[in-house]
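Take a look at the structure below.
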Amino acid sequence: VTVTATPYISSTFDGWSGDASGATNPLLVTMDVTKAITASFTMKTYVITPTAGANGSITPNTAQTLNYGSDQVFTIAADPHYHILDVMVDSVSVGAVGSYTFTNVTADHAITASFAIDVHSLSLFKDGTGDGTLGNEPAGTSFDYGTVVTVTATPYISSTFTGWSGDASGSTSPVTVTLNTNRAVTATFALKTFTIT
């Protein structure tokens with residue numbers, strides 16, 4: 001008698017036991033006595049490997065072994081003052097998502113998350129009857145979280161600098177501004193006046 005073990009797509013055939021042994025398939029059985037034969041099958045498993053870059057995490061953070069057709073959810077989170085830059089699944093971007101679900105898993109996979117520091121803007125404005133120039137060091141309008149920027153107000157010869165408002169205060173120039181959120185700073189200039197008697 002020829003006995004054939006045919007695994008479902010979700011499984012693999014491991015071998016025979018009882019009145020047969022080995023893993024030869026199909027199996028030839030000589031019926032010289034009553035026999036009982038057992039075929040063993042194992043569910044296929046696949047591994048999903050997560051990787052998180054610096055300044056963030058992915059949960060679960062260890063390789064997950066899943067049975068054929070299973071689902072697995074991964075949660076991605078950035079550290080404070082950072083944000084999710086991108087999530088790659090099998091080297092293909094799926095965007096800056098906070099979670100990703102593998103459904104009906106039938107192959108090994110990899111998921112990788114990358115993170116970037118938050119960026120904040122610095123806006124400079126002028127006010128008053130006079131005029132002058134505004135500059136900042138380092139230069140630019142967008143800065144990484146926590147950057148300390150020095151803002152300088154320089155009045156024209158016709159004016160005087162009278163003070164700061166918005167996200168800066170006082171009348172000392174230059175002034176430092178810490179970019180831990182979007183900032184707007186206004187410098188007020190007054191036109192010089194003279195009296196002729």
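Convention: chains lettered A, B, ... in structure tokens order; per-chain residue numbering from 1; ligands numbered from 1 as shown.
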
Requested in this report: Check the DSSP output for the backbone and give back, as a ChimeraX atom specification, the residues of region 108-192 of chain A in strand (DSSP E or B).
Outcome: /A:109-117,119-127,132-137,142-144,147-155,159-166,175-179,183-191

Report task. Identify, on the basis of only C-alpha atoms, every residue whose closest approach to Ser21 (chain A) does not exceed 12 Å; exclude the query and any residue fewer than 6 positions from it along the same chain; express the result as an MDAnalysis selection string. Result -> chainID A and resid 14:15 27:29 36:40

Expected file: the selected residues, all heavy atoms, as an mmCIF file, in the first residue's frame:
```cif
data_model
loop_
_atom_site.group_PDB
_atom_site.id
_atom_site.type_symbol
_atom_site.label_atom_id
_atom_site.label_comp_id
_atom_site.auth_asym_id
_atom_site.auth_seq_id
_atom_site.Cartn_x
_atom_site.Cartn_y
_atom_site.Cartn_z
ATOM 1 N N ASP A 14 6.619 16.206 8.681
ATOM 2 C CA ASP A 14 7.833 15.934 9.443
ATOM 3 C C ASP A 14 8.283 14.479 9.353
ATOM 4 O O ASP A 14 9.487 14.211 9.388
ATOM 5 C CB ASP A 14 7.614 16.289 10.920
ATOM 6 C CG ASP A 14 7.491 17.786 11.131
ATOM 7 O OD1 ASP A 14 8.012 18.551 10.301
ATOM 8 O OD2 ASP A 14 6.865 18.187 12.127
ATOM 9 N N GLY A 15 7.347 13.565 9.301
ATOM 10 C CA GLY A 15 7.759 12.159 9.260
ATOM 11 C C GLY A 15 6.679 11.227 9.761
ATOM 12 O O GLY A 15 5.582 11.636 10.135
ATOM 13 N N LEU A 27 5.011 6.673 1.122
ATOM 14 C CA LEU A 27 5.571 5.568 1.874
ATOM 15 C C LEU A 27 4.964 4.258 1.378
ATOM 16 O O LEU A 27 3.744 4.164 1.203
ATOM 17 C CB LEU A 27 5.252 5.750 3.358
ATOM 18 C CG LEU A 27 5.641 4.626 4.304
ATOM 19 C CD1 LEU A 27 7.161 4.561 4.446
ATOM 20 C CD2 LEU A 27 4.981 4.834 5.666
ATOM 21 N N LEU A 28 5.809 3.271 1.116
ATOM 22 C CA LEU A 28 5.328 1.941 0.715
ATOM 23 C C LEU A 28 5.206 1.070 1.963
ATOM 24 O O LEU A 28 6.167 0.913 2.723
ATOM 25 C CB LEU A 28 6.287 1.295 -0.285
ATOM 26 C CG LEU A 28 6.407 1.996 -1.643
ATOM 27 C CD1 LEU A 28 7.417 1.270 -2.527
ATOM 28 C CD2 LEU A 28 5.050 2.026 -2.334
ATOM 29 N N VAL A 29 4.006 0.523 2.184
ATOM 30 C CA VAL A 29 3.733 -0.289 3.360
ATOM 31 C C VAL A 29 3.344 -1.699 2.915
ATOM 32 O O VAL A 29 2.439 -1.868 2.094
ATOM 33 C CB VAL A 29 2.596 0.320 4.201
ATOM 34 C CG1 VAL A 29 2.321 -0.545 5.432
ATOM 35 C CG2 VAL A 29 2.930 1.744 4.609
ATOM 36 N N ALA A 36 -0.777 0.438 12.072
ATOM 37 C CA ALA A 36 -1.268 1.793 12.353
ATOM 38 C C ALA A 36 -0.110 2.757 12.130
ATOM 39 O O ALA A 36 0.962 2.592 12.718
ATOM 40 C CB ALA A 36 -1.788 1.898 13.777
ATOM 41 N N ILE A 37 -0.354 3.729 11.287
ATOM 42 C CA ILE A 37 0.707 4.670 10.905
ATOM 43 C C ILE A 37 0.237 6.097 11.174
ATOM 44 O O ILE A 37 -0.886 6.475 10.844
ATOM 45 C CB ILE A 37 1.073 4.497 9.411
ATOM 46 C CG1 ILE A 37 1.649 3.095 9.186
ATOM 47 C CG2 ILE A 37 2.053 5.575 8.964
ATOM 48 C CD1 ILE A 37 1.892 2.777 7.737
ATOM 49 N N THR A 38 1.119 6.892 11.773
ATOM 50 C CA THR A 38 0.811 8.287 12.078
ATOM 51 C C THR A 38 1.737 9.198 11.281
ATOM 52 O O THR A 38 2.951 8.985 11.239
ATOM 53 C CB THR A 38 0.976 8.579 13.579
ATOM 54 O OG1 THR A 38 0.068 7.760 14.320
ATOM 55 C CG2 THR A 38 0.694 10.049 13.887
ATOM 56 N N ALA A 39 1.138 10.206 10.639
ATOM 57 C CA ALA A 39 1.916 11.239 9.941
ATOM 58 C C ALA A 39 1.952 12.482 10.815
ATOM 59 O O ALA A 39 0.915 12.922 11.329
ATOM 60 C CB ALA A 39 1.288 11.571 8.594
ATOM 61 N N SER A 40 3.138 13.036 11.012
ATOM 62 C CA SER A 40 3.290 14.243 11.825
ATOM 63 C C SER A 40 3.490 15.464 10.939
ATOM 64 O O SER A 40 4.284 15.430 9.988
ATOM 65 C CB SER A 40 4.491 14.100 12.778
ATOM 66 O OG SER A 40 4.257 13.066 13.715
#
```

Query raised in the report: Thr150 (chain A): which residues within 10 Å, counting only C-alpha atoms, same-chain residues fewer than 5 positions away excluded, as a PyMOL selection string?
Result: chain A and resi 135-139+173-178

Query raised in the report: Contacts of Phe161 (chain A) at 7 Å or less, counting only C-alpha atoms, minus same-chain residues fewer than 4 places along, as a VMD selection string?
Result: chain A and resid 155 188 to 190

Please dump the current selection as a tab-separated table (two decimals), in the first residue's frame; keep all heavy atoms.
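Output file out-v5.tsv is given in full below:
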```tsv
chain	number	residue	atom	x	y	z
A	155	PRO	N	19.93	99.39	15.30
A	155	PRO	CA	19.13	100.51	14.76
A	155	PRO	C	19.90	101.26	13.67
A	155	PRO	O	21.12	101.31	13.67
A	155	PRO	CB	18.90	101.39	15.98
A	155	PRO	CG	20.07	101.10	16.87
A	155	PRO	CD	20.40	99.64	16.66
A	188	THR	N	11.51	96.64	18.76
A	188	THR	CA	10.89	97.96	18.57
A	188	THR	C	11.98	99.02	18.44
A	188	THR	O	12.91	99.08	19.25
A	188	THR	CB	9.96	98.30	19.75
A	188	THR	OG1	8.94	97.31	19.85
A	188	THR	CG2	9.33	99.68	19.55
A	189	PHE	N	11.83	99.82	17.37
A	189	PHE	CA	12.76	100.93	17.13
A	189	PHE	C	11.98	102.25	17.20
A	189	PHE	O	10.83	102.33	16.76
A	189	PHE	CB	13.40	100.81	15.75
A	189	PHE	CG	14.25	99.57	15.57
A	189	PHE	CD1	13.71	98.41	15.01
A	189	PHE	CD2	15.58	99.56	15.96
A	189	PHE	CE1	14.49	97.27	14.85
A	189	PHE	CE2	16.36	98.42	15.80
A	189	PHE	CZ	15.81	97.28	15.24
A	190	ALA	N	12.61	103.26	17.74
A	190	ALA	CA	11.99	104.60	17.81
A	190	ALA	C	12.81	105.57	16.98
A	190	ALA	O	14.05	105.57	17.05
A	190	ALA	CB	11.90	105.07	19.25
```

Query - Within 12 Å of Pro80 (chain A) using only C-alpha atoms, minus same-chain residues under 4 positions, as an NGL selection string - result: :A and (55-57 or 84 or 115-118 or 145-146 or 180)

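Interatomic distance, CA of Val149 (chain A) against CA of Lys192 (chain A): 28.8 Å.
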
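Distances to Asp108 (chain A) were evaluated for A:Gly18, A:Gly128, A:Gly163, A:Pro50 using only C-alpha atoms, and the minimum falls at A:Pro50.
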
Find the residues around Thr45 (chain A) up to 7 Å (only C-alpha atoms counted), leave out those fewer than 3 positions away in its own chain, and share them as a PDB file with all heavy atoms, in the first residue's frame.
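To be explicit, this is the file written out as result_4.pdb:
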```
ATOM      1  N   THR A  65       8.233  35.276  16.435  1.00  0.00           N
ATOM      2  CA  THR A  65       8.002  34.071  15.643  1.00  0.00           C
ATOM      3  C   THR A  65       6.491  33.820  15.583  1.00  0.00           C
ATOM      4  O   THR A  65       5.843  33.658  16.620  1.00  0.00           O
ATOM      5  CB  THR A  65       8.707  32.859  16.258  1.00  0.00           C
ATOM      6  OG1 THR A  65      10.117  33.130  16.309  1.00  0.00           O
ATOM      7  CG2 THR A  65       8.479  31.614  15.423  1.00  0.00           C
ATOM      8  N   LEU A  66       5.960  33.798  14.368  1.00  0.00           N
ATOM      9  CA  LEU A  66       4.516  33.698  14.175  1.00  0.00           C
ATOM     10  C   LEU A  66       4.161  32.447  13.381  1.00  0.00           C
ATOM     11  O   LEU A  66       4.901  32.034  12.480  1.00  0.00           O
ATOM     12  CB  LEU A  66       3.991  34.918  13.412  1.00  0.00           C
ATOM     13  CG  LEU A  66       4.308  36.293  13.990  1.00  0.00           C
ATOM     14  CD1 LEU A  66       3.750  37.371  13.081  1.00  0.00           C
ATOM     15  CD2 LEU A  66       3.729  36.431  15.382  1.00  0.00           C
ATOM     16  N   ASN A  67       3.011  31.860  13.714  1.00  0.00           N
ATOM     17  CA  ASN A  67       2.482  30.761  12.912  1.00  0.00           C
ATOM     18  C   ASN A  67       1.959  31.285  11.580  1.00  0.00           C
ATOM     19  O   ASN A  67       1.587  32.459  11.448  1.00  0.00           O
ATOM     20  CB  ASN A  67       1.352  30.057  13.660  1.00  0.00           C
ATOM     21  CG  ASN A  67       1.847  29.232  14.824  1.00  0.00           C
ATOM     22  OD1 ASN A  67       3.006  28.813  14.853  1.00  0.00           O
ATOM     23  ND2 ASN A  67       0.982  29.005  15.794  1.00  0.00           N
ATOM     24  N   TYR A  68       1.942  30.412  10.638  1.00  0.00           N
ATOM     25  CA  TYR A  68       1.421  30.745   9.304  1.00  0.00           C
ATOM     26  C   TYR A  68       0.039  31.390   9.429  1.00  0.00           C
ATOM     27  O   TYR A  68      -0.833  30.903  10.145  1.00  0.00           O
ATOM     28  CB  TYR A  68       1.328  29.470   8.465  1.00  0.00           C
ATOM     29  CG  TYR A  68       0.832  29.687   7.056  1.00  0.00           C
ATOM     30  CD1 TYR A  68       1.722  29.769   5.989  1.00  0.00           C
ATOM     31  CD2 TYR A  68      -0.527  29.801   6.776  1.00  0.00           C
ATOM     32  CE1 TYR A  68       1.270  29.948   4.683  1.00  0.00           C
ATOM     33  CE2 TYR A  68      -0.987  29.992   5.489  1.00  0.00           C
ATOM     34  CZ  TYR A  68      -0.080  30.064   4.438  1.00  0.00           C
ATOM     35  OH  TYR A  68      -0.542  30.247   3.161  1.00  0.00           O
TER      36      TYR A  68
END
```
